[in-house]
Amino acid sequence: MYHVPATRRLNEVKTMNRRKRYQRILRLLLVAIPFLADSSIQAAPGYFSSTPTAFSEDGRLLLVQTDELVVWDLETKMLLAKIPSLHCQQVALLKQDGWVLCVEHSVTIYDWKNRVSVATIPPESQEPYNLLAYSKETDRMILRHGKDAVSVWQLGSKLIPLKHIALEGKTDISSVAASPDVKLLAIAQGHTIHLHDLSGTTIREVAIADGKPRDLLFAPNNSTLAASIGPTILFIDSGTASVSARATLTSAEAVRGPLTPESFSRDGHRLVAANGEWSYALFNTDTGELVSLTEFTYAAPGRGMRSPTQLRAVDITADADHLVGQPEHLHTLQIWDLQTGAMLPDLCGEDCRNLAPRLSLLKWSPTGSKIVVGMQGGLNPDVDGKISVWDVPSRSPELVLDPSRSQARVLVKRTTPPAPVTMAPSTPTAAPAFVHAGALRAAVTSPSANLLVTSGDDGLLKIWDPGQGTLLRQLALSGPSHALAFSADGAILAAGTMEGDVRLWETQTWREFLPYSSNQGRINALQFLPGNRFLAVAGGRPKVLVVDLVTRTVVKELVPTGFSQACHGKSCTKKRAVRGEVVDSLSFLEGSSFLLATSQSGSVVWDITDWREVKKPAGFPDVWFGLGWKRPFVWTTTRAGVPNSLTLAVWDTKNNKVLASLDTFTKRDTEIDHGPAVALGTTMAVDPSHQWAATRVGEHISVWDLSAQTKRKSFHIKTPSHLHWTSDGNYLIVATLNRKILVWSAETMEPAHYLRDPAVTR
């Protein structure tokens, strides 16, 4: 079935064996691709590529190690040089015109214009050298000699050693990093970070009481050093040698693994950190606050529900705004906006769809307008098995770099891919129509007043008058809320937090009641039962709590059960067993006694009159979701007359039959058509008067006249998620995954406007 909204994220955790195996593969590659920032080069531990590559600062020259080390001019599309007998693990373009640096077991400076080797550092051990940093301003570099030492060198026609710092014999060294200006060296040893002043002899120590710091990374402006301790990033002021801020993911649901610093923005005020293998966090380095959390998810075929996936390769733009990677399940090259956490149209598209091409190279240009890709596999023979340069705006390969030819092969550039026909306001505004500064997490309309409440990653609840398009007020939370619910009379609003608390407000004066602590981890779903007293709460544990909000006690713990098959010899029987799954959504059919809980594997129904689990209520279809307007109607999917097709339908539970058959669709209709095969699923909403039904199949939304069962309007909008009607039935609310909310008028059958917070500009 394809009935679950696309915004649900599941809390799956891969086994540690898989993680260790993935890390072993990376270590075996022995690659540390340099990071170019302004006039310096610095190691970036989170970047992955088995093809050493470096750009000039303006993005014009490209140095690539394939069978030979080659230099390309991407502006003239000419092959400038092929450098023989150099097989590098790290490369860099040096200050001197035509000079390149090749780092492997030995270190070589080569002048490709004059075809001569300038200087060489011979091998010292079986381990290759590691280039920690190179500064064009001072023409100096810092090398690490395996576990033995770190050295500082002045480059030029002669390599001059300036400083040698022994590491041999020092135990418990977890990380070594150099500042981009080659003036500071940081060594993490035990609970201490040693800061070496490389222009003098001073060594300052930063004691870390929280744990043993790892994964050191300097900002491009050299003033900040990041260090990870489990789910925390410490920001250390390199001038005062003190901790200036801390960034922490505290919720068990948000933490996917240890935080690892990956990339600073150019100004050093933002840091991108890997959150295990499943997501990336963007932090403000001045305050340690979380700006956004980009989660890598995919929709399981046939469900539309979101599940975590990991990236096989990744690179981040120099401004820390965008990330490109290859998700394990999407089998394409996908781009994300790190500022909002939103998935953008993918890079590779039909060339990669469902083929899982193998990547040896994935690297943004310094300007962010191009990505160099080394790809094996895919449908495009022009780029299969070759190194190609892709234009990001048009998502199109434009050059193929073949070292056997003196000029790059120019491909026919695609026109800019047409954006989906997105509904625009009747009177467009000049500013972007965003509702939150971070990703939009939840939205709910009041059943008694024309109010809409939204929550986002900025930790704010915003209350809107959607018809007027005005922001009425905002309420501050300690973090994002993924679950919102109104009581049946609209008098109380409940919001579930990442820490497991339920915040409650009286909606006339917006006076806040005392919060309720569920101890359930991140709250996934909330549902008021009839009246205002009892609230069903689903969190990170596989049970649903029914809470008496007056006495603040749990009156019932509902544990979903299912059937497992037990076989003895040739006979098999089904036995009821407790499900070990968290609940993702809750809904209650107004006018009935049935509470529906949905998890990844299916749904469970409880009758709240006696709290018994009901296999299927009498008069109900096998799969149903409540419409919630105090009428005996639910929505479901039924088999269509067309093969492999289903029909969205409104079901009359009182008469046990279909009230209205609406959209007929296939699985492909639920997937986005401008990127990887990701199912957005389907959903439905009926207005309070039961005149209109709004349906969503993938990115297509239709408005139906229920009495005539005719489609009055159909439109297309990019990445929609939930549908809601205002209590007066005059407006349809369409929330999207890119932080926008469209208000659509039932009176004019046209869009009225997008909601917009004037304070949010990007």
# chains A, B, ... in the order shown; residues from 1 in each chain; ligands from 1
>>> residues_around(residues="Leu411 of chain A", least_positions_apart="6", cutoff="12 Å", atoms="only C-alpha atoms", output="list in words")
Lys77, Asn380, Pro381, Asp382, Val383, Ser388, Val389, Trp390, Asp391, Ser396, Pro397, Glu398, Leu399, Val400 and Leu401 of chain A
>>> closest_atom_pairs(of="segment 700-727 of chain A", to="segment 650-664 of chain A", cutoff="10 Å", atoms="only C-alpha atoms", output="tab-separated table")
residue	atom	partner	partner_atom	distance
A:Ile701	CA	A:Asp663	CA	9.8
A:Ser702	CA	A:Asp663	CA	8.3
A:Val703	CA	A:Leu662	CA	9.6
A:Trp704	CA	A:Leu662	CA	7.6
A:Asp705	CA	A:Ala660	CA	9.8
A:Leu706	CA	A:Ala660	CA	6.7
A:Ser707	CA	A:Ala660	CA	8.2
A:Ala708	CA	A:Ala660	CA	8.9
A:Gln709	CA	A:Ala660	CA	6.2
A:Thr710	CA	A:Leu662	CA	8.1
A:Lys711	CA	A:Leu662	CA	8.1
>>> write_last_selection(atoms="C-alpha atoms", output="short mmCIF file (atom, residue, chain, number, x, y, z; two decimals), in the first residue's frame")
data_model
loop_
_atom_site.label_atom_id
_atom_site.label_comp_id
_atom_site.auth_asym_id
_atom_site.auth_seq_id
_atom_site.Cartn_x
_atom_site.Cartn_y
_atom_site.Cartn_z
CA ILE A 701 -2.71 17.17 -5.64
CA SER A 702 -6.39 17.00 -6.60
CA VAL A 703 -9.51 18.57 -5.11
CA TRP A 704 -12.69 16.51 -5.48
CA ASP A 705 -16.39 17.30 -5.13
CA LEU A 706 -17.39 14.44 -2.83
CA SER A 707 -21.08 14.44 -3.61
CA ALA A 708 -20.51 14.25 -7.38
CA GLN A 709 -17.23 12.31 -7.10
CA THR A 710 -15.73 14.60 -9.74
CA LYS A 711 -12.32 16.20 -9.82
#
>>> atom_distance(atom1="atom CA of Arg639 of chain A", atom2="atom CA of Trp624 of chain A")
13.8 Å
>>> residues_around(residues="segment 361-367 of chain A", least_positions_apart="3", cutoff="7 Å", atoms="only C-alpha atoms", output="count of residues only")
17
>>> closest_residue(among="A:Pro447, A:Ser292, A:Lys616, A:Ala640", to="Ser689 of chain A", atoms="only C-alpha atoms")
A:Pro447
>>> residues_around(residues="segment 94-106 of chain A", least_positions_apart="4", cutoff="6 Å", atoms="only C-alpha atoms", output="JSON, numbers by chain")
{"A": [88, 89, 90, 110, 111, 112, 113, 121, 122, 123, 128, 129, 136]}
>>> residues_around(residues="Lys147 of chain A", least_positions_apart="4", cutoff="9 Å", atoms="only C-alpha atoms", output="JSON, numbers by chain")
{"A": [127, 166, 167, 168, 169]}
>>> select_by_dssp(residues="segment 547-741 of chain A", states="helix (DSSP H, G or I)", output="number ranges by chain")
A: 667-670
>>> write_last_selection(atoms="C-alpha atoms", output="CSV table (one decimal), in the first residue's frame")
chain,number,residue,atom,x,y,z
A,667,LYS,CA,3.5,2.9,-7.4
A,668,ARG,CA,5.4,5.0,-10.0
A,669,ASP,CA,2.8,7.8,-9.6
A,670,THR,CA,3.8,8.1,-5.9
>>> closest_residue(among="A:Gln520, A:Ser593, A:Ser587, A:Ser394", to="Glu557 of chain A", atoms="only C-alpha atoms")
A:Gln520
>>> residues_around(residues="Ile492 of chain A", least_positions_apart="5", cutoff="7 Å", atoms="only C-alpha atoms", output="VMD selection string")
chain A and resid 486 to 487 504 to 507
>>> residues_around(residues="Leu723 of chain A", least_positions_apart="4", cutoff="12 Å", atoms="only C-alpha atoms", output="PDB file with N, CA and C atoms, in the first residue's frame")
ATOM      1  N   PRO A   5       2.517   9.041   4.798  1.00  0.00           N
ATOM      2  CA  PRO A   5       3.167  10.284   4.370  1.00  0.00           C
ATOM      3  C   PRO A   5       4.665  10.157   4.368  1.00  0.00           C
ATOM      4  N   ALA A   6       5.293  11.016   3.542  1.00  0.00           N
ATOM      5  CA  ALA A   6       6.735  10.875   3.304  1.00  0.00           C
ATOM      6  C   ALA A   6       7.590  11.438   4.404  1.00  0.00           C
ATOM      7  N   ALA A 442       6.566  19.670  11.518  1.00  0.00           N
ATOM      8  CA  ALA A 442       5.180  19.269  11.750  1.00  0.00           C
ATOM      9  C   ALA A 442       4.268  20.454  11.525  1.00  0.00           C
ATOM     10  N   ALA A 443       3.010  20.164  11.197  1.00  0.00           N
ATOM     11  CA  ALA A 443       1.990  21.196  11.018  1.00  0.00           C
ATOM     12  C   ALA A 443       0.649  20.605  11.404  1.00  0.00           C
ATOM     13  N   VAL A 444      -0.215  21.430  12.007  1.00  0.00           N
ATOM     14  CA  VAL A 444      -1.529  20.962  12.413  1.00  0.00           C
ATOM     15  C   VAL A 444      -2.491  22.141  12.403  1.00  0.00           C
ATOM     16  N   THR A 445      -3.747  21.894  12.002  1.00  0.00           N
ATOM     17  CA  THR A 445      -4.776  22.929  12.027  1.00  0.00           C
ATOM     18  C   THR A 445      -5.711  22.690  13.204  1.00  0.00           C
ATOM     19  N   LEU A 452      -3.336  27.683  12.201  1.00  0.00           N
ATOM     20  CA  LEU A 452      -2.359  26.676  11.791  1.00  0.00           C
ATOM     21  C   LEU A 452      -1.147  26.820  12.686  1.00  0.00           C
ATOM     22  N   LEU A 627     -10.170  10.353   9.169  1.00  0.00           N
ATOM     23  CA  LEU A 627     -10.308  11.692   8.604  1.00  0.00           C
ATOM     24  C   LEU A 627     -10.650  12.712   9.683  1.00  0.00           C
ATOM     25  N   THR A 682       1.002   8.601  -0.512  1.00  0.00           N
ATOM     26  CA  THR A 682      -0.272   9.255  -0.763  1.00  0.00           C
ATOM     27  C   THR A 682      -0.871   9.700   0.558  1.00  0.00           C
ATOM     28  N   THR A 683      -1.796  10.635   0.486  1.00  0.00           N
ATOM     29  CA  THR A 683      -2.543  11.043   1.674  1.00  0.00           C
ATOM     30  C   THR A 683      -3.821  11.713   1.224  1.00  0.00           C
ATOM     31  N   MET A 684      -4.706  11.986   2.204  1.00  0.00           N
ATOM     32  CA  MET A 684      -6.007  12.563   1.880  1.00  0.00           C
ATOM     33  C   MET A 684      -6.467  13.425   3.045  1.00  0.00           C
ATOM     34  N   ALA A 685      -7.261  14.449   2.744  1.00  0.00           N
ATOM     35  CA  ALA A 685      -7.889  15.275   3.769  1.00  0.00           C
ATOM     36  C   ALA A 685      -9.267  15.682   3.273  1.00  0.00           C
ATOM     37  N   VAL A 686     -10.256  15.664   4.178  1.00  0.00           N
ATOM     38  CA  VAL A 686     -11.627  16.047   3.840  1.00  0.00           C
ATOM     39  C   VAL A 686     -11.999  17.263   4.672  1.00  0.00           C
ATOM     40  N   ASP A 687     -12.668  18.239   4.039  1.00  0.00           N
ATOM     41  CA  ASP A 687     -13.002  19.458   4.772  1.00  0.00           C
ATOM     42  C   ASP A 687     -14.115  19.180   5.777  1.00  0.00           C
ATOM     43  N   ALA A 693     -12.819  16.833  -0.873  1.00  0.00           N
ATOM     44  CA  ALA A 693     -11.743  15.920  -0.474  1.00  0.00           C
ATOM     45  C   ALA A 693     -10.498  16.308  -1.263  1.00  0.00           C
ATOM     46  N   ALA A 694      -9.391  16.511  -0.554  1.00  0.00           N
ATOM     47  CA  ALA A 694      -8.110  16.787  -1.206  1.00  0.00           C
ATOM     48  C   ALA A 694      -7.270  15.523  -1.139  1.00  0.00           C
ATOM     49  N   THR A 695      -6.707  15.119  -2.267  1.00  0.00           N
ATOM     50  CA  THR A 695      -5.870  13.922  -2.325  1.00  0.00           C
ATOM     51  C   THR A 695      -4.481  14.301  -2.820  1.00  0.00           C
ATOM     52  N   ARG A 696      -3.489  13.544  -2.349  1.00  0.00           N
ATOM     53  CA  ARG A 696      -2.118  13.736  -2.842  1.00  0.00           C
ATOM     54  C   ARG A 696      -1.561  12.387  -3.242  1.00  0.00           C
ATOM     55  N   VAL A 697      -1.116  12.287  -4.474  1.00  0.00           N
ATOM     56  CA  VAL A 697      -0.419  11.100  -4.980  1.00  0.00           C
ATOM     57  C   VAL A 697       0.943  11.575  -5.470  1.00  0.00           C
ATOM     58  N   GLU A 699       3.562  13.979  -6.064  1.00  0.00           N
ATOM     59  CA  GLU A 699       3.570  15.436  -6.083  1.00  0.00           C
ATOM     60  C   GLU A 699       2.321  16.023  -6.749  1.00  0.00           C
ATOM     61  N   HIS A 700       1.335  15.188  -6.995  1.00  0.00           N
ATOM     62  CA  HIS A 700       0.110  15.648  -7.655  1.00  0.00           C
ATOM     63  C   HIS A 700      -1.018  15.753  -6.636  1.00  0.00           C
ATOM     64  N   ILE A 701      -1.634  16.914  -6.582  1.00  0.00           N
ATOM     65  CA  ILE A 701      -2.713  17.174  -5.640  1.00  0.00           C
ATOM     66  C   ILE A 701      -3.995  17.429  -6.425  1.00  0.00           C
ATOM     67  N   SER A 702      -5.096  16.824  -5.960  1.00  0.00           N
ATOM     68  CA  SER A 702      -6.392  17.000  -6.600  1.00  0.00           C
ATOM     69  C   SER A 702      -7.415  17.384  -5.549  1.00  0.00           C
ATOM     70  N   VAL A 703      -8.389  18.193  -5.967  1.00  0.00           N
ATOM     71  CA  VAL A 703      -9.510  18.568  -5.109  1.00  0.00           C
ATOM     72  C   VAL A 703     -10.780  18.019  -5.751  1.00  0.00           C
ATOM     73  N   TYR A 731      -9.994  26.919   3.220  1.00  0.00           N
ATOM     74  CA  TYR A 731      -8.622  26.861   2.728  1.00  0.00           C
ATOM     75  C   TYR A 731      -8.023  25.474   2.928  1.00  0.00           C
ATOM     76  N   LEU A 732      -7.300  25.022   1.925  1.00  0.00           N
ATOM     77  CA  LEU A 732      -6.497  23.805   2.001  1.00  0.00           C
ATOM     78  C   LEU A 732      -5.054  24.209   2.274  1.00  0.00           C
ATOM     79  N   ILE A 733      -4.454  23.572   3.259  1.00  0.00           N
ATOM     80  CA  ILE A 733      -3.069  23.855   3.631  1.00  0.00           C
ATOM     81  C   ILE A 733      -2.191  22.729   3.086  1.00  0.00           C
ATOM     82  N   VAL A 734      -1.185  23.083   2.293  1.00  0.00           N
ATOM     83  CA  VAL A 734      -0.257  22.101   1.726  1.00  0.00           C
ATOM     84  C   VAL A 734       1.134  22.402   2.265  1.00  0.00           C
ATOM     85  N   ALA A 735       1.628  21.532   3.149  1.00  0.00           N
ATOM     86  CA  ALA A 735       2.985  21.681   3.683  1.00  0.00           C
ATOM     87  C   ALA A 735       3.950  20.922   2.789  1.00  0.00           C
ATOM     88  N   THR A 736       5.123  21.506   2.528  1.00  0.00           N
ATOM     89  CA  THR A 736       6.113  20.870   1.665  1.00  0.00           C
ATOM     90  C   THR A 736       7.388  20.580   2.445  1.00  0.00           C
ATOM     91  N   ILE A 741       4.700  26.531   2.813  1.00  0.00           N
ATOM     92  CA  ILE A 741       3.319  26.141   3.049  1.00  0.00           C
ATOM     93  C   ILE A 741       2.432  26.943   2.102  1.00  0.00           C
ATOM     94  N   LEU A 742       1.741  26.227   1.240  1.00  0.00           N
ATOM     95  CA  LEU A 742       0.810  26.839   0.302  1.00  0.00           C
ATOM     96  C   LEU A 742      -0.579  26.871   0.920  1.00  0.00           C
ATOM     97  N   VAL A 743      -1.220  28.044   0.856  1.00  0.00           N
ATOM     98  CA  VAL A 743      -2.615  28.184   1.265  1.00  0.00           C
ATOM     99  C   VAL A 743      -3.442  28.280  -0.016  1.00  0.00           C
ATOM    100  N   TRP A 744      -4.353  27.311  -0.202  1.00  0.00           N
ATOM    101  CA  TRP A 744      -5.117  27.177  -1.446  1.00  0.00           C
ATOM    102  C   TRP A 744      -6.582  27.459  -1.153  1.00  0.00           C
TER     103      TRP A 744
END
>>> closest_residue(among="A:Glu590, A:Asp181, A:Asp172, A:Asp584", to="Ala488 of chain A", atoms="only C-alpha atoms")
A:Glu590
>>> closest_atom_pairs(of="segment 224-317 of chain A", to="segment 199-219 of chain A", cutoff="7 Å", atoms="only C-alpha atoms", output="tab-separated table")
residue	atom	partner	partner_atom	distance
A:Thr224	CA	A:Ala219	CA	5.4
A:Leu225	CA	A:Phe218	CA	4.5
A:Ala226	CA	A:Leu217	CA	5.2
A:Ala227	CA	A:Leu216	CA	4.7
A:Ser228	CA	A:Arg214	CA	5.2
A:Ile229	CA	A:Pro213	CA	5.1
A:Ala241	CA	A:Val206	CA	6.0
A:Ser242	CA	A:Val206	CA	6.4
A:Thr260	CA	A:Asp215	CA	6.3
A:Pro261	CA	A:Leu217	CA	6.5
A:Phe264	CA	A:Ala219	CA	5.6
A:Gly268	CA	A:Ala219	CA	5.3
>>> closest_residue(among="A:Ile83, A:Ile335, A:Ala247, A:Ile523", to="Asn284 of chain A", atoms="only C-alpha atoms")
A:Ala247
>>> atom_distance(atom1="atom CA of Gln527 of chain A", atom2="atom CA of Leu586 of chain A")
6.0 Å
>>> closest_residue(among="A:Leu680, A:Thr748, A:Ala618, A:Gly349", to="Pro720 of chain A", atoms="only C-alpha atoms")
A:Leu680
>>> atom_distance(atom1="atom CA of Leu514 of chain A", atom2="atom CA of Gly459 of chain A")
18.4 Å
>>> decode(residues="segment 539-560 of chain A", atoms="N, CA and C atoms", output="PDB file, in the first residue's frame")
ATOM      1  N   GLY A 539       6.609   7.610  21.617  1.00  0.00           N
ATOM      2  CA  GLY A 539       7.977   8.118  21.567  1.00  0.00           C
ATOM      3  C   GLY A 539       8.945   7.096  21.030  1.00  0.00           C
ATOM      4  N   GLY A 540      10.156   7.116  21.552  1.00  0.00           N
ATOM      5  CA  GLY A 540      11.209   6.260  21.029  1.00  0.00           C
ATOM      6  C   GLY A 540      11.173   4.835  21.540  1.00  0.00           C
ATOM      7  N   ARG A 541      10.242   4.520  22.419  1.00  0.00           N
ATOM      8  CA  ARG A 541      10.119   3.154  22.915  1.00  0.00           C
ATOM      9  C   ARG A 541       8.898   2.493  22.289  1.00  0.00           C
ATOM     10  N   PRO A 542       8.915   1.157  22.151  1.00  0.00           N
ATOM     11  CA  PRO A 542       7.826   0.461  21.438  1.00  0.00           C
ATOM     12  C   PRO A 542       6.569   0.316  22.285  1.00  0.00           C
ATOM     13  N   LYS A 543       6.014   1.447  22.706  1.00  0.00           N
ATOM     14  CA  LYS A 543       4.748   1.427  23.432  1.00  0.00           C
ATOM     15  C   LYS A 543       4.114   2.804  23.324  1.00  0.00           C
ATOM     16  N   VAL A 544       2.797   2.845  23.571  1.00  0.00           N
ATOM     17  CA  VAL A 544       2.043   4.091  23.556  1.00  0.00           C
ATOM     18  C   VAL A 544       1.529   4.330  24.973  1.00  0.00           C
ATOM     19  N   LEU A 545       1.805   5.506  25.519  1.00  0.00           N
ATOM     20  CA  LEU A 545       1.325   5.863  26.845  1.00  0.00           C
ATOM     21  C   LEU A 545       0.032   6.644  26.722  1.00  0.00           C
ATOM     22  N   VAL A 546      -0.947   6.313  27.543  1.00  0.00           N
ATOM     23  CA  VAL A 546      -2.161   7.118  27.657  1.00  0.00           C
ATOM     24  C   VAL A 546      -2.043   7.880  28.975  1.00  0.00           C
ATOM     25  N   VAL A 547      -1.944   9.202  28.878  1.00  0.00           N
ATOM     26  CA  VAL A 547      -1.623  10.041  30.026  1.00  0.00           C
ATOM     27  C   VAL A 547      -2.854  10.823  30.455  1.00  0.00           C
ATOM     28  N   ASP A 548      -3.134  10.814  31.749  1.00  0.00           N
ATOM     29  CA  ASP A 548      -4.160  11.669  32.336  1.00  0.00           C
ATOM     30  C   ASP A 548      -3.500  13.016  32.623  1.00  0.00           C
ATOM     31  N   LEU A 549      -3.869  14.037  31.868  1.00  0.00           N
ATOM     32  CA  LEU A 549      -3.208  15.329  31.998  1.00  0.00           C
ATOM     33  C   LEU A 549      -3.586  16.063  33.280  1.00  0.00           C
ATOM     34  N   VAL A 550      -4.649  15.619  33.955  1.00  0.00           N
ATOM     35  CA  VAL A 550      -5.032  16.247  35.221  1.00  0.00           C
ATOM     36  C   VAL A 550      -4.180  15.710  36.359  1.00  0.00           C
ATOM     37  N   THR A 551      -4.074  14.390  36.448  1.00  0.00           N
ATOM     38  CA  THR A 551      -3.294  13.782  37.535  1.00  0.00           C
ATOM     39  C   THR A 551      -1.833  13.577  37.164  1.00  0.00           C
ATOM     40  N   ARG A 552      -1.492  13.777  35.859  1.00  0.00           N
ATOM     41  CA  ARG A 552      -0.126  13.571  35.352  1.00  0.00           C
ATOM     42  C   ARG A 552       0.350  12.138  35.595  1.00  0.00           C
ATOM     43  N   THR A 553      -0.546  11.190  35.385  1.00  0.00           N
ATOM     44  CA  THR A 553      -0.203   9.780  35.553  1.00  0.00           C
ATOM     45  C   THR A 553      -0.495   9.027  34.260  1.00  0.00           C
ATOM     46  N   VAL A 554       0.215   7.920  34.092  1.00  0.00           N
ATOM     47  CA  VAL A 554      -0.023   7.043  32.951  1.00  0.00           C
ATOM     48  C   VAL A 554      -1.131   6.071  33.342  1.00  0.00           C
ATOM     49  N   VAL A 555      -2.267   6.153  32.662  1.00  0.00           N
ATOM     50  CA  VAL A 555      -3.395   5.280  32.997  1.00  0.00           C
ATOM     51  C   VAL A 555      -3.361   3.989  32.196  1.00  0.00           C
ATOM     52  N   LYS A 556      -2.606   3.974  31.108  1.00  0.00           N
ATOM     53  CA  LYS A 556      -2.516   2.758  30.304  1.00  0.00           C
ATOM     54  C   LYS A 556      -1.252   2.779  29.472  1.00  0.00           C
ATOM     55  N   GLU A 557      -0.581   1.641  29.408  1.00  0.00           N
ATOM     56  CA  GLU A 557       0.540   1.449  28.492  1.00  0.00           C
ATOM     57  C   GLU A 557       0.097   0.469  27.418  1.00  0.00           C
ATOM     58  N   LEU A 558       0.070   0.932  26.184  1.00  0.00           N
ATOM     59  CA  LEU A 558      -0.366   0.108  25.064  1.00  0.00           C
ATOM     60  C   LEU A 558       0.860  -0.382  24.311  1.00  0.00           C
ATOM     61  N   VAL A 559       1.046  -1.691  24.261  1.00  0.00           N
ATOM     62  CA  VAL A 559       2.198  -2.289  23.589  1.00  0.00           C
ATOM     63  C   VAL A 559       1.699  -2.995  22.334  1.00  0.00           C
ATOM     64  N   PRO A 560       2.082  -2.533  21.152  1.00  0.00           N
ATOM     65  CA  PRO A 560       1.614  -3.185  19.921  1.00  0.00           C
ATOM     66  C   PRO A 560       2.058  -4.640  19.868  1.00  0.00           C
TER      67      PRO A 560
END
